[in-house]
Structures are given as C-alpha cells and as structure tokens.
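Shown next: target_25.txt, containing compact mmCIF, C-alpha atoms.
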# COMPACT_ATOMS: atom_id res chain seq x y z
CA CYS T 27 10.37 61.20 17.86
CA PRO T 28 12.63 64.21 17.37
CA CYS T 29 12.42 64.07 13.58
CA PRO T 30 10.78 67.19 12.19
CA LEU T 31 8.29 66.89 9.38
CA PRO T 32 10.11 67.57 6.14
CA SER T 33 9.79 71.04 4.71
CA GLY T 34 10.71 72.71 1.46
CA ASP T 35 9.92 71.21 -1.93
CA THR T 36 11.54 67.81 -1.78
CA ALA T 37 9.69 64.75 -3.02
CA LEU T 38 9.26 63.66 0.61
CA SER T 39 7.78 66.97 1.72
CA ARG T 40 5.35 66.89 -1.21
CA LEU T 41 4.30 63.35 -0.24
CA VAL T 42 3.79 64.42 3.38
CA ARG T 43 1.70 67.40 2.32
CA ARG T 44 -0.58 65.14 0.28
CA LEU T 45 -1.02 62.85 3.27
CA LEU T 46 -1.69 65.73 5.65
CA SER T 47 -4.52 66.90 3.40
CA ALA T 48 -6.60 63.98 4.75
CA ARG T 49 -9.68 65.08 6.65
CA ARG T 50 -11.65 61.87 7.17
CA SER T 51 -9.65 58.74 6.27
CA LEU T 52 -6.25 57.43 5.35
CA ASP T 53 -5.95 53.85 4.09
CA LEU T 54 -2.38 52.58 3.91
CA CYS T 55 -1.24 49.40 2.20
CA LEU T 56 2.52 49.26 2.67
CA PHE T 57 5.03 46.45 2.21
CA SER T 58 7.62 48.16 4.40
CA PHE T 59 7.29 51.17 6.67
CA SER T 60 10.42 52.43 8.43
CA SER T 61 10.50 56.15 7.63
CA PRO T 62 10.20 58.13 10.90
CA GLN T 63 9.02 61.24 9.03
CA LEU T 64 6.18 59.41 7.30
CA ALA T 65 5.25 57.66 10.55
CA ARG T 66 5.11 61.04 12.25
CA ALA T 67 2.75 62.38 9.59
CA VAL T 68 0.49 59.33 10.01
CA GLN T 69 0.45 59.73 13.79
CA LEU T 70 -0.43 63.40 13.43
CA LEU T 71 -3.44 62.49 11.28
CA HIS T 72 -4.50 59.86 13.79
CA ARG T 73 -4.36 62.44 16.60
CA ARG T 74 -6.42 64.82 14.50
CA GLY T 75 -9.18 62.22 14.35
CA VAL T 76 -8.61 61.00 10.80
CA ARG T 77 -9.50 57.28 10.57
CA VAL T 78 -6.20 55.56 9.75
CA ARG T 79 -6.10 51.90 8.68
CA LEU T 80 -2.81 50.21 7.83
CA VAL T 81 -2.15 46.90 6.08
CA THR T 82 1.42 45.64 5.97
CA ASP T 83 3.62 42.61 5.32
CA ALA T 84 4.10 40.18 8.19
CA GLN T 85 7.73 39.43 7.35
CA TYR T 86 8.79 43.05 7.05
CA MET T 87 6.83 44.53 9.95
CA GLY T 88 9.27 43.09 12.49
CA LEU T 89 12.47 44.24 10.83
CA HIS T 90 14.82 46.67 12.52
CA GLY T 91 13.62 50.21 12.13
CA SER T 92 10.04 49.27 11.33
CA GLN T 93 7.56 51.91 12.49
CA ILE T 94 4.67 49.46 12.77
CA GLY T 95 5.04 48.81 16.51
CA ARG T 96 5.14 52.51 17.24
CA LEU T 97 2.01 53.14 15.17
CA ARG T 98 0.19 50.31 16.93
CA HIS T 99 1.18 51.71 20.30
CA ALA T 100 -0.26 55.04 19.19
CA GLY T 101 -3.59 53.29 18.70
CA ILE T 102 -3.59 52.95 14.93
CA GLN T 103 -5.28 49.84 13.52
CA VAL T 104 -2.79 47.58 11.75
CA ARG T 105 -3.42 44.30 9.95
CA HIS T 106 -0.93 42.03 8.22
CA ASP T 107 -0.88 39.03 5.91
CA GLN T 108 -0.30 35.44 6.97
CA HIS T 109 1.41 34.23 3.80
CA SER T 110 4.92 33.48 2.70
CA GLY T 111 4.38 35.68 -0.37
CA TYR T 112 4.83 39.39 0.14
CA MET T 113 2.08 41.94 0.63
CA HIS T 114 4.06 44.07 -1.80
CA HIS T 115 1.69 46.99 -2.42
CA LYS T 116 2.88 50.48 -1.54
CA PHE T 117 -0.12 52.76 -1.76
CA ALA T 118 -2.12 55.23 0.26
CA ILE T 119 -5.65 56.48 -0.28
CA VAL T 120 -6.57 59.87 1.15
CA ASP T 121 -10.26 60.48 1.93
CA ARG T 122 -11.23 57.72 -0.54
CA ARG T 123 -10.50 60.17 -3.38
CA MET T 124 -6.75 60.47 -3.87
CA LEU T 125 -4.51 57.51 -4.64
CA ILE T 126 -0.78 57.73 -3.96
CA THR T 127 1.09 54.73 -5.36
CA GLY T 128 4.31 53.71 -7.07
CA SER T 129 7.58 51.93 -6.50
CA LEU T 130 8.44 53.73 -3.25
CA ASN T 131 8.57 51.72 -0.06
CA TRP T 132 8.14 53.98 2.96
CA THR T 133 11.73 53.53 4.08
CA THR T 134 14.56 55.97 4.63
CA GLN T 135 16.75 53.97 2.21
CA ALA T 136 14.17 54.31 -0.55
CA ILE T 137 13.57 57.99 0.07
CA GLN T 138 17.24 58.95 0.32
CA SER T 139 19.10 56.54 -1.94
CA ASN T 140 16.92 54.91 -4.56
CA ARG T 141 15.52 55.87 -7.91
CA GLU T 142 11.76 55.68 -7.32
CA ASN T 143 8.42 56.87 -8.61
CA VAL T 144 5.24 58.01 -6.88
CA LEU T 145 2.02 58.66 -8.78
CA VAL T 146 -0.81 60.77 -7.44
CA VAL T 147 -4.09 59.84 -9.12
CA GLU T 148 -7.53 61.33 -8.51
CA ASP T 149 -9.32 59.59 -11.39
CA ALA T 150 -12.26 57.85 -9.73
CA ASP T 151 -11.88 54.55 -11.63
CA TYR T 152 -8.26 54.08 -10.56
CA VAL T 153 -8.99 55.14 -7.00
CA LYS T 154 -11.91 52.72 -6.80
CA ALA T 155 -9.81 49.77 -8.02
CA PHE T 156 -7.27 50.38 -5.25
CA GLN T 157 -9.93 51.14 -2.64
CA ASP T 158 -11.63 47.83 -3.49
CA GLU T 159 -8.31 46.01 -3.19
CA PHE T 160 -7.73 47.69 0.16
CA GLU T 161 -11.14 46.61 1.51
CA ARG T 162 -10.57 43.02 0.26
CA ILE T 163 -7.20 42.85 2.01
CA TRP T 164 -8.52 44.55 5.15
CA GLU T 165 -11.17 41.84 5.50
CA GLU T 166 -8.89 38.99 4.47
CA TYR T 167 -6.33 39.99 7.12
CA ASN T 168 -8.93 40.44 9.86
CA PRO T 169 -7.38 38.83 12.95
CA ALA T 170 -10.70 37.02 13.52
CA ASN T 171 -9.74 34.93 10.49
CA TYR T 172 -6.26 33.98 11.67
CA SER T 173 -5.53 30.29 11.82
CA PHE T 174 -3.16 29.08 14.50
CA PHE T 175 -1.48 25.76 13.94
CA CYS J 77 13.40 28.58 -23.52
CA PRO J 78 10.61 26.02 -23.32
CA CYS J 79 8.28 28.29 -21.39
CA PRO J 80 5.17 29.09 -23.40
CA LEU J 81 3.76 32.58 -23.39
CA PRO J 82 0.98 32.72 -20.83
CA SER J 83 -2.54 32.37 -22.16
CA GLY J 84 -6.01 32.79 -20.72
CA ASP J 85 -7.04 35.77 -18.66
CA THR J 86 -4.51 35.78 -15.85
CA ALA J 87 -2.89 39.04 -14.76
CA LEU J 88 0.35 37.82 -16.39
CA SER J 89 -1.29 37.06 -19.73
CA ARG J 90 -2.94 40.49 -19.73
CA LEU J 91 0.43 42.11 -19.04
CA VAL J 92 2.06 40.13 -21.86
CA ARG J 93 -0.71 41.12 -24.28
CA ARG J 94 -0.15 44.80 -23.47
CA LEU J 95 3.57 44.40 -24.11
CA LEU J 96 3.03 42.51 -27.36
CA SER J 97 0.90 45.38 -28.66
CA ALA J 98 4.15 47.35 -29.17
CA ARG J 99 4.83 48.23 -32.79
CA ARG J 100 7.74 50.65 -32.62
CA SER J 101 9.34 50.86 -29.18
CA LEU J 102 9.42 49.30 -25.74
CA ASP J 103 11.25 51.14 -22.95
CA LEU J 104 11.78 49.06 -19.83
CA CYS J 105 12.95 50.35 -16.47
CA LEU J 106 13.06 47.34 -14.17
CA PHE J 107 14.64 46.80 -10.78
CA SER J 108 14.58 43.03 -11.14
CA PHE J 109 13.85 40.86 -14.18
CA SER J 110 13.80 37.10 -13.72
CA SER J 111 10.48 36.03 -15.25
CA PRO J 112 11.16 33.72 -18.24
CA GLN J 113 7.72 34.42 -19.70
CA LEU J 114 8.19 38.17 -19.67
CA ALA J 115 11.71 37.80 -21.06
CA ARG J 116 10.31 35.69 -23.87
CA ALA J 117 7.76 38.37 -24.73
CA VAL J 118 10.50 41.02 -24.79
CA GLN J 119 12.70 38.86 -27.04
CA LEU J 120 9.78 38.30 -29.39
CA LEU J 121 9.30 42.05 -29.76
CA HIS J 122 13.02 42.51 -30.37
CA ARG J 123 12.91 39.90 -33.14
CA ARG J 124 9.91 41.66 -34.68
CA GLY J 125 12.00 44.82 -35.01
CA VAL J 126 10.54 46.77 -32.10
CA ARG J 127 13.23 48.98 -30.55
CA VAL J 128 13.71 47.64 -27.03
CA ARG J 129 15.74 49.56 -24.43
CA LEU J 130 16.16 48.20 -20.91
CA VAL J 131 17.45 49.92 -17.78
CA THR J 132 18.02 47.80 -14.68
CA ASP J 133 19.66 47.66 -11.28
CA ALA J 134 23.33 46.71 -11.17
CA GLN J 135 23.04 44.73 -7.94
CA TYR J 136 20.05 42.69 -9.03
CA MET J 137 21.00 42.03 -12.65
CA GLY J 138 23.54 39.40 -11.62
CA LEU J 139 21.34 37.45 -9.24
CA HIS J 140 20.44 33.84 -9.89
CA GLY J 141 17.60 33.58 -12.38
CA SER J 142 18.10 37.04 -13.81
CA GLN J 143 17.09 37.26 -17.47
CA ILE J 144 19.36 40.22 -18.19
CA GLY J 145 22.26 38.17 -19.58
CA ARG J 146 19.96 36.29 -21.89
CA LEU J 147 18.40 39.49 -23.20
CA ARG J 148 21.82 41.01 -23.79
CA HIS J 149 22.89 37.91 -25.68
CA ALA J 150 19.80 38.30 -27.83
CA GLY J 151 21.08 41.73 -28.83
CA ILE J 152 18.85 43.89 -26.65
CA GLN J 153 20.40 47.12 -25.33
CA VAL J 154 20.72 47.08 -21.56
CA ARG J 155 22.04 49.79 -19.26
CA HIS J 156 22.38 49.74 -15.49
CA ASP J 157 23.10 52.10 -12.63
CA GLN J 158 26.44 52.49 -10.88
CA HIS J 159 25.13 53.38 -7.43
CA SER J 160 24.67 51.64 -4.13
CA GLY J 161 21.06 52.84 -4.05
CA TYR J 162 18.58 50.80 -6.02
CA MET J 163 17.23 51.60 -9.46
CA HIS J 164 13.88 50.60 -8.02
CA HIS J 165 11.47 51.57 -10.81
CA LYS J 166 9.32 48.87 -12.38
CA PHE J 167 7.73 50.33 -15.44
CA ALA J 168 7.38 49.80 -19.17
CA ILE J 169 6.39 52.25 -21.87
CA VAL J 170 4.87 50.86 -25.06
CA ASP J 171 5.23 52.96 -28.21
CA ARG J 172 5.76 56.08 -26.06
CA ARG J 173 2.00 56.12 -25.41
CA MET J 174 1.12 53.46 -22.83
CA LEU J 175 2.66 53.34 -19.37
CA ILE J 176 2.62 50.10 -17.39
CA THR J 177 3.79 50.61 -13.82
CA GLY J 178 3.18 49.52 -10.24
CA SER J 179 4.61 47.44 -7.44
CA LEU J 180 5.31 44.36 -9.56
CA ASN J 181 8.91 43.33 -10.07
CA TRP J 182 9.23 41.15 -13.16
CA THR J 183 10.01 38.03 -11.17
CA THR J 184 8.30 34.67 -10.90
CA GLN J 185 8.01 35.10 -7.11
CA ALA J 186 6.18 38.39 -7.53
CA ILE J 187 3.87 37.07 -10.24
CA GLN J 188 3.01 33.84 -8.47
CA SER J 189 3.18 34.57 -4.75
CA ASN J 190 2.86 38.26 -3.93
CA ARG J 191 0.05 40.73 -3.59
CA GLU J 192 0.90 43.30 -6.29
CA ASN J 193 -0.56 46.04 -8.45
CA VAL J 194 -0.01 47.05 -12.06
CA LEU J 195 -1.47 50.23 -13.51
CA VAL J 196 -1.93 50.82 -17.21
CA VAL J 197 -2.06 54.53 -17.99
CA GLU J 198 -2.49 56.22 -21.36
CA ASP J 199 -2.94 59.76 -20.09
CA ALA J 200 -0.29 61.76 -21.97
CA ASP J 201 0.91 63.76 -18.94
CA TYR J 202 1.66 60.67 -16.88
CA VAL J 203 3.27 58.87 -19.81
CA LYS J 204 5.46 61.90 -20.53
CA ALA J 205 6.69 62.12 -16.91
CA PHE J 206 7.83 58.49 -17.04
CA GLN J 207 9.21 58.79 -20.58
CA ASP J 208 11.26 61.80 -19.47
CA GLU J 209 12.54 59.86 -16.45
CA PHE J 210 13.44 56.97 -18.75
CA GLU J 211 15.42 59.22 -21.12
CA ARG J 212 17.23 60.84 -18.16
CA ILE J 213 18.23 57.45 -16.78
CA TRP J 214 19.14 56.09 -20.21
CA GLU J 215 21.60 58.95 -20.69
CA GLU J 216 22.88 58.89 -17.11
CA TYR J 217 23.66 55.17 -17.38
CA ASN J 218 25.33 55.46 -20.76
CA PRO J 219 28.45 53.28 -20.52
CA ALA J 220 30.44 56.15 -22.01
CA ASN J 221 29.92 57.88 -18.66
CA TYR J 222 31.10 55.01 -16.48
CA SER J 223 33.89 55.81 -14.11
CA PHE J 224 36.36 53.08 -13.31
CA PHE J 225 38.35 53.44 -10.15
Write the structure described by the file as structure tokens, please.
Amino acid sequence: CPCPLPSGDTALSRLVRRLLSARRSLDLCLFSFSSPQLARAVQLLHRRGVRVRLVTDAQYMGLHGSQIGRLRHAGIQVRHDQHSGYMHHKFAIVDRRMLITGSLNWTTQAIQSNRENVLVVEDADYVKAFQDEFERIWEEYNPANYSFF
Amino acid sequence: CPCPLPSGDTALSRLVRRLLSARRSLDLCLFSFSSPQLARAVQLLHRRGVRVRLVTDAQYMGLHGSQIGRLRHAGIQVRHDQHSGYMHHKFAIVDRRMLITGSLNWTTQAIQSNRENVLVVEDADYVKAFQDEFERIWEEYNPANYSFF
C-alpha cells in the first residue's frame, strides 16, 4: 500500500499514534474497516510481533474497500459473526490497558467526512468491561463453532 | 403511542432509567432515532419541563420509522446538519453531568438485533468535551445559518 501513515496532529494521526503504542496486544472489534492508513498501522504492529486479534461484521467485511482480506493475507487472525444483526462495536484495546472507542467506524468516509467521536479510556473498570466483551465475542465467533446448513 | 416504557433490567430499560433521571436538561446528538420507546421517554421529559435539545442527521431524519417528526410536533427543538457527511454521533448528556455514549444508534434494529455498547460517564472532563461538541454543533446547525441555493 502506498499510503503513508498520517502525520501531524490530526485526529487520525493521534489515533494511529495510540495504536502504535501497543507492545504486546491489540484487540480490535470493528463493524467496518476500510481505512488503508489504519490497516497499515495494524499490519505494522503485526510485523513487530504484537498479537493482533480482529473481530468484525460478516456483512460488512466483504464490501468494496474492506481491508479485512488484506489483513487476513498478512496473517492476522480475524473472526466474524454469523448473525443478521450487526456486530456494531467500534473499539480497540491496546495492551489490555487502553480502550479506544466511540462512534467512528474505521472507514475513510467516517474519518474524512463525518462528525464523529473517539474516547480514549484507561480506567481499569471500563477497559475490563470491553475486554470481557471482546473475549466473549472472540469465543462465540470461533470458527470451530460455525454451523453450516 | 401504545408502546410502554421498557421495564425490568434489560439494557434498554437501564438506558431509559438514566434518561428519566434528568431534572433540568437533556442534550441529544443522535445520528438515527427510530426507537418508539426512547422517543416516548424523551417526550415524557419534555412534558415534565426538562429542556430537551436534539441534533440529528439530515439524511437519516426522514427515513421510515424516524421519530424526529413526532418529537418536533411535540414541541421539542431539533436541529440537523446540512452536509453530505454524516452527523454520526450517538450521545446524550443528562443535566450537563452524565454522558451516555457508544455505538448504539437509537433504533429498534440496534436495540434488538445488534451487538452494541453504551458507556455512562460522569467524569467531568469527558462530559465537558462532549458538552462543548454539542454546543458547537447546536450553534453550527442553527437554522439562522442555513444557506439556500
């Protein structure tokens, strides 16, 4: 991908810097993921040896511009739901200690055109609630549990 | 509307109880609002004399099932964006002291079918950041500033 990581003090560059602070793990729970810049940051962490896990929505992962296929090809573990309802979360947890969540889908449209919010929370109780939700979803969407009909 | 307010200890009933704790003001910044139960709670607060202000997305406010028209008819102040990008926030501020935000759009689909999160935050710094964003948007979307072309 030719897209450079964002620099300067935009909201996107601040988000990328938070992500790149990961040293051990990055847990991603993302409804929609089509931003090349954010995908590049995630791939960089994966190459550095950070354990990246990604949960996403089955209906949105195949849409044009989705970065999910590229991340899978890079060797990143991805799981998705099997439901008609949306897996609508949009959060990241860095090193099990920093929660990044809000209204922002990880799409170029959202980053460039929408009015959005992103919260960064290090309070252990909030982080734990989201980490627990992540682990629940990660197990629930384990491919070993898929039903084919 | 025949829909009763939700009872019991569902996520929706807990959300409604937080909203109904408002005594002075309720500031709503909602991408999409089609839940009859949540609209009923908002109308109840309006009738009690709580100052309700609502900002929403121009493209979504006219969709089938939207509660925006009904709330306007009830006398609640509503403002919307004028952009092609989405006003994608989904937060509420109760009495300028409690922030309710997350991935949840105020729609029946989201409440019943999706995997969603809602954070309740009373930390003054977080509340202030969202209150400031609300006031910015409220002024920016003042109908006096509309351009007709």
For chain J, work out the contacting residues on chain T at 8 Å, counting all atoms listed in the file, and write them as a PDB file with C-alpha atoms, in the frame of the given file.
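The result, stored in out_3.pdb:
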ATOM      1  CA  SER T 110       4.920  33.480   2.700  1.00  0.00           C
ATOM      2  CA  GLY T 111       4.380  35.680  -0.370  1.00  0.00           C
ATOM      3  CA  TYR T 112       4.830  39.390   0.140  1.00  0.00           C
ATOM      4  CA  MET T 113       2.080  41.940   0.630  1.00  0.00           C
ATOM      5  CA  HIS T 114       4.060  44.070  -1.800  1.00  0.00           C
ATOM      6  CA  HIS T 115       1.690  46.990  -2.420  1.00  0.00           C
ATOM      7  CA  LYS T 116       2.880  50.480  -1.540  1.00  0.00           C
ATOM      8  CA  THR T 127       1.090  54.730  -5.360  1.00  0.00           C
ATOM      9  CA  GLY T 128       4.310  53.710  -7.070  1.00  0.00           C
ATOM     10  CA  SER T 129       7.580  51.930  -6.500  1.00  0.00           C
ATOM     11  CA  LEU T 130       8.440  53.730  -3.250  1.00  0.00           C
ATOM     12  CA  GLN T 135      16.750  53.970   2.210  1.00  0.00           C
ATOM     13  CA  ALA T 136      14.170  54.310  -0.550  1.00  0.00           C
ATOM     14  CA  SER T 139      19.100  56.540  -1.940  1.00  0.00           C
ATOM     15  CA  ASN T 140      16.920  54.910  -4.560  1.00  0.00           C
ATOM     16  CA  ARG T 141      15.520  55.870  -7.910  1.00  0.00           C
ATOM     17  CA  GLU T 142      11.760  55.680  -7.320  1.00  0.00           C
ATOM     18  CA  ASN T 143       8.420  56.870  -8.610  1.00  0.00           C
TER      19      ASN T 143
END
Original post:
By how many Å are CA of Tyr222 in chain J and CA of Arg155 in chain J apart?
Top reply: 10.8 Å
Since chain J and chain T share a sequence, can you fit the second onto the first over all C-alpha atoms in order and output it as a tab-separated table (two decimals) with C-alpha atoms, in the frame of the given file?
chain	number	residue	atom	x	y	z
T	27	CYS	CA	13.42	28.67	-23.45
T	28	PRO	CA	10.66	26.07	-23.33
T	29	CYS	CA	8.29	28.32	-21.39
T	30	PRO	CA	5.18	29.09	-23.41
T	31	LEU	CA	3.76	32.58	-23.40
T	32	PRO	CA	0.97	32.70	-20.86
T	33	SER	CA	-2.54	32.36	-22.18
T	34	GLY	CA	-6.00	32.77	-20.75
T	35	ASP	CA	-7.04	35.77	-18.67
T	36	THR	CA	-4.53	35.79	-15.86
T	37	ALA	CA	-2.90	39.03	-14.78
T	38	LEU	CA	0.34	37.82	-16.39
T	39	SER	CA	-1.29	37.05	-19.73
T	40	ARG	CA	-2.95	40.48	-19.74
T	41	LEU	CA	0.43	42.11	-19.04
T	42	VAL	CA	2.05	40.13	-21.86
T	43	ARG	CA	-0.70	41.11	-24.28
T	44	ARG	CA	-0.16	44.79	-23.48
T	45	LEU	CA	3.56	44.40	-24.12
T	46	LEU	CA	3.02	42.51	-27.37
T	47	SER	CA	0.90	45.38	-28.67
T	48	ALA	CA	4.15	47.35	-29.18
T	49	ARG	CA	4.84	48.20	-32.80
T	50	ARG	CA	7.75	50.64	-32.64
T	51	SER	CA	9.33	50.84	-29.17
T	52	LEU	CA	9.42	49.30	-25.75
T	53	ASP	CA	11.25	51.14	-22.96
T	54	LEU	CA	11.79	49.06	-19.84
T	55	CYS	CA	12.95	50.36	-16.47
T	56	LEU	CA	13.05	47.34	-14.18
T	57	PHE	CA	14.64	46.80	-10.77
T	58	SER	CA	14.58	43.02	-11.15
T	59	PHE	CA	13.84	40.88	-14.18
T	60	SER	CA	13.79	37.10	-13.73
T	61	SER	CA	10.47	36.03	-15.25
T	62	PRO	CA	11.16	33.73	-18.24
T	63	GLN	CA	7.70	34.41	-19.70
T	64	LEU	CA	8.18	38.18	-19.67
T	65	ALA	CA	11.70	37.80	-21.06
T	66	ARG	CA	10.30	35.69	-23.86
T	67	ALA	CA	7.75	38.36	-24.73
T	68	VAL	CA	10.50	41.01	-24.80
T	69	GLN	CA	12.68	38.85	-27.04
T	70	LEU	CA	9.77	38.28	-29.40
T	71	LEU	CA	9.29	42.05	-29.75
T	72	HIS	CA	13.00	42.51	-30.36
T	73	ARG	CA	12.91	39.89	-33.14
T	74	ARG	CA	9.92	41.64	-34.66
T	75	GLY	CA	12.00	44.80	-35.00
T	76	VAL	CA	10.53	46.75	-32.10
T	77	ARG	CA	13.24	48.99	-30.56
T	78	VAL	CA	13.71	47.62	-27.03
T	79	ARG	CA	15.74	49.54	-24.44
T	80	LEU	CA	16.17	48.19	-20.92
T	81	VAL	CA	17.45	49.92	-17.78
T	82	THR	CA	18.02	47.79	-14.70
T	83	ASP	CA	19.68	47.67	-11.28
T	84	ALA	CA	23.34	46.71	-11.17
T	85	GLN	CA	23.05	44.73	-7.94
T	86	TYR	CA	20.05	42.70	-9.03
T	87	MET	CA	21.01	42.03	-12.65
T	88	GLY	CA	23.55	39.40	-11.61
T	89	LEU	CA	21.33	37.45	-9.25
T	90	HIS	CA	20.42	33.84	-9.90
T	91	GLY	CA	17.62	33.58	-12.38
T	92	SER	CA	18.10	37.05	-13.81
T	93	GLN	CA	17.09	37.26	-17.47
T	94	ILE	CA	19.35	40.22	-18.20
T	95	GLY	CA	22.27	38.19	-19.59
T	96	ARG	CA	19.97	36.29	-21.90
T	97	LEU	CA	18.40	39.50	-23.20
T	98	ARG	CA	21.83	41.01	-23.80
T	99	HIS	CA	22.91	37.92	-25.69
T	100	ALA	CA	19.81	38.30	-27.84
T	101	GLY	CA	21.07	41.74	-28.83
T	102	ILE	CA	18.85	43.89	-26.65
T	103	GLN	CA	20.40	47.12	-25.35
T	104	VAL	CA	20.72	47.09	-21.56
T	105	ARG	CA	22.04	49.80	-19.26
T	106	HIS	CA	22.40	49.74	-15.49
T	107	ASP	CA	23.12	52.11	-12.63
T	108	GLN	CA	26.46	52.50	-10.88
T	109	HIS	CA	25.14	53.39	-7.43
T	110	SER	CA	24.68	51.65	-4.13
T	111	GLY	CA	21.06	52.85	-4.05
T	112	TYR	CA	18.58	50.80	-6.02
T	113	MET	CA	17.22	51.61	-9.45
T	114	HIS	CA	13.87	50.60	-8.01
T	115	HIS	CA	11.47	51.58	-10.81
T	116	LYS	CA	9.33	48.86	-12.37
T	117	PHE	CA	7.73	50.34	-15.45
T	118	ALA	CA	7.38	49.80	-19.16
T	119	ILE	CA	6.39	52.25	-21.87
T	120	VAL	CA	4.86	50.85	-25.05
T	121	ASP	CA	5.23	52.96	-28.22
T	122	ARG	CA	5.76	56.08	-26.07
T	123	ARG	CA	1.99	56.11	-25.40
T	124	MET	CA	1.13	53.45	-22.84
T	125	LEU	CA	2.65	53.34	-19.37
T	126	ILE	CA	2.62	50.09	-17.39
T	127	THR	CA	3.79	50.61	-13.81
T	128	GLY	CA	3.16	49.51	-10.24
T	129	SER	CA	4.59	47.45	-7.44
T	130	LEU	CA	5.31	44.36	-9.56
T	131	ASN	CA	8.90	43.33	-10.08
T	132	TRP	CA	9.23	41.15	-13.17
T	133	THR	CA	10.00	38.03	-11.16
T	134	THR	CA	8.29	34.67	-10.90
T	135	GLN	CA	8.02	35.11	-7.11
T	136	ALA	CA	6.17	38.39	-7.53
T	137	ILE	CA	3.87	37.08	-10.23
T	138	GLN	CA	3.00	33.83	-8.46
T	139	SER	CA	3.17	34.58	-4.75
T	140	ASN	CA	2.85	38.26	-3.92
T	141	ARG	CA	0.05	40.73	-3.59
T	142	GLU	CA	0.89	43.31	-6.27
T	143	ASN	CA	-0.56	46.04	-8.43
T	144	VAL	CA	-0.01	47.05	-12.04
T	145	LEU	CA	-1.48	50.23	-13.51
T	146	VAL	CA	-1.94	50.81	-17.21
T	147	VAL	CA	-2.07	54.53	-17.98
T	148	GLU	CA	-2.50	56.20	-21.36
T	149	ASP	CA	-2.94	59.76	-20.08
T	150	ALA	CA	-0.29	61.75	-21.96
T	151	ASP	CA	0.90	63.76	-18.93
T	152	TYR	CA	1.65	60.66	-16.86
T	153	VAL	CA	3.25	58.88	-19.79
T	154	LYS	CA	5.44	61.90	-20.52
T	155	ALA	CA	6.68	62.12	-16.91
T	156	PHE	CA	7.83	58.50	-17.03
T	157	GLN	CA	9.19	58.79	-20.57
T	158	ASP	CA	11.26	61.80	-19.46
T	159	GLU	CA	12.54	59.86	-16.45
T	160	PHE	CA	13.43	56.97	-18.75
T	161	GLU	CA	15.42	59.22	-21.12
T	162	ARG	CA	17.24	60.86	-18.16
T	163	ILE	CA	18.23	57.46	-16.77
T	164	TRP	CA	19.13	56.10	-20.21
T	165	GLU	CA	21.61	58.95	-20.68
T	166	GLU	CA	22.88	58.90	-17.11
T	167	TYR	CA	23.66	55.17	-17.36
T	168	ASN	CA	25.34	55.47	-20.76
T	169	PRO	CA	28.45	53.27	-20.51
T	170	ALA	CA	30.46	56.15	-22.02
T	171	ASN	CA	29.95	57.87	-18.67
T	172	TYR	CA	31.14	55.00	-16.49
T	173	SER	CA	33.94	55.80	-14.11
T	174	PHE	CA	36.41	53.06	-13.32
T	175	PHE	CA	38.39	53.39	-10.13
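CA of Asp85 in chain J sits 25.3 Å away from CA of Val128 in chain J.
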Original post:
At most 12 Å from (18.5, 34.1, -4.9), file frame, all atoms listed in the file: which residues, as a ChimeraX atom specification?
Top reply: /J:108,110,135-142,183-185
Subject >> One-decimal distance in Å that lies between CA of Leu38 in chain T and CA of Phe210 in chain J >> reply: 20.9 Å
Subject >> Spatial neighbours of Ser89 in chain J, 12 Å, all atoms listed in the file, chain gap at least 4 places, as a ChimeraX atom specification >> reply: /J:80-85,93-96,113-114,117,187
Subject >> Sel. within 12 Å of pt (1.9, 57.9, 9.2), counting all atoms listed in the file, output as an MDAnalysis selection string >> reply: chainID T and resid 31 41:46 48 51:56 59:73 76:80 93:94 96:98 100:104 118 120 132:133
Create the file for the chosen residues now, containing C-alpha atoms and written as a PDB file, keeping the file's coordinate frame.
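So the final result, stored in selection.pdb, reads:
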ATOM      1  CA  LEU T  31       8.290  66.890   9.380  1.00  0.00           C
ATOM      2  CA  LEU T  41       4.300  63.350  -0.240  1.00  0.00           C
ATOM      3  CA  VAL T  42       3.790  64.420   3.380  1.00  0.00           C
ATOM      4  CA  ARG T  43       1.700  67.400   2.320  1.00  0.00           C
ATOM      5  CA  ARG T  44      -0.580  65.140   0.280  1.00  0.00           C
ATOM      6  CA  LEU T  45      -1.020  62.850   3.270  1.00  0.00           C
ATOM      7  CA  LEU T  46      -1.690  65.730   5.650  1.00  0.00           C
ATOM      8  CA  ALA T  48      -6.600  63.980   4.750  1.00  0.00           C
ATOM      9  CA  SER T  51      -9.650  58.740   6.270  1.00  0.00           C
ATOM     10  CA  LEU T  52      -6.250  57.430   5.350  1.00  0.00           C
ATOM     11  CA  ASP T  53      -5.950  53.850   4.090  1.00  0.00           C
ATOM     12  CA  LEU T  54      -2.380  52.580   3.910  1.00  0.00           C
ATOM     13  CA  CYS T  55      -1.240  49.400   2.200  1.00  0.00           C
ATOM     14  CA  LEU T  56       2.520  49.260   2.670  1.00  0.00           C
ATOM     15  CA  PHE T  59       7.290  51.170   6.670  1.00  0.00           C
ATOM     16  CA  SER T  60      10.420  52.430   8.430  1.00  0.00           C
ATOM     17  CA  SER T  61      10.500  56.150   7.630  1.00  0.00           C
ATOM     18  CA  PRO T  62      10.200  58.130  10.900  1.00  0.00           C
ATOM     19  CA  GLN T  63       9.020  61.240   9.030  1.00  0.00           C
ATOM     20  CA  LEU T  64       6.180  59.410   7.300  1.00  0.00           C
ATOM     21  CA  ALA T  65       5.250  57.660  10.550  1.00  0.00           C
ATOM     22  CA  ARG T  66       5.110  61.040  12.250  1.00  0.00           C
ATOM     23  CA  ALA T  67       2.750  62.380   9.590  1.00  0.00           C
ATOM     24  CA  VAL T  68       0.490  59.330  10.010  1.00  0.00           C
ATOM     25  CA  GLN T  69       0.450  59.730  13.790  1.00  0.00           C
ATOM     26  CA  LEU T  70      -0.430  63.400  13.430  1.00  0.00           C
ATOM     27  CA  LEU T  71      -3.440  62.490  11.280  1.00  0.00           C
ATOM     28  CA  HIS T  72      -4.500  59.860  13.790  1.00  0.00           C
ATOM     29  CA  ARG T  73      -4.360  62.440  16.600  1.00  0.00           C
ATOM     30  CA  VAL T  76      -8.610  61.000  10.800  1.00  0.00           C
ATOM     31  CA  ARG T  77      -9.500  57.280  10.570  1.00  0.00           C
ATOM     32  CA  VAL T  78      -6.200  55.560   9.750  1.00  0.00           C
ATOM     33  CA  ARG T  79      -6.100  51.900   8.680  1.00  0.00           C
ATOM     34  CA  LEU T  80      -2.810  50.210   7.830  1.00  0.00           C
ATOM     35  CA  GLN T  93       7.560  51.910  12.490  1.00  0.00           C
ATOM     36  CA  ILE T  94       4.670  49.460  12.770  1.00  0.00           C
ATOM     37  CA  ARG T  96       5.140  52.510  17.240  1.00  0.00           C
ATOM     38  CA  LEU T  97       2.010  53.140  15.170  1.00  0.00           C
ATOM     39  CA  ARG T  98       0.190  50.310  16.930  1.00  0.00           C
ATOM     40  CA  ALA T 100      -0.260  55.040  19.190  1.00  0.00           C
ATOM     41  CA  GLY T 101      -3.590  53.290  18.700  1.00  0.00           C
ATOM     42  CA  ILE T 102      -3.590  52.950  14.930  1.00  0.00           C
ATOM     43  CA  GLN T 103      -5.280  49.840  13.520  1.00  0.00           C
ATOM     44  CA  VAL T 104      -2.790  47.580  11.750  1.00  0.00           C
ATOM     45  CA  ALA T 118      -2.120  55.230   0.260  1.00  0.00           C
ATOM     46  CA  VAL T 120      -6.570  59.870   1.150  1.00  0.00           C
ATOM     47  CA  TRP T 132       8.140  53.980   2.960  1.00  0.00           C
ATOM     48  CA  THR T 133      11.730  53.530   4.080  1.00  0.00           C
TER      49      THR T 133
END
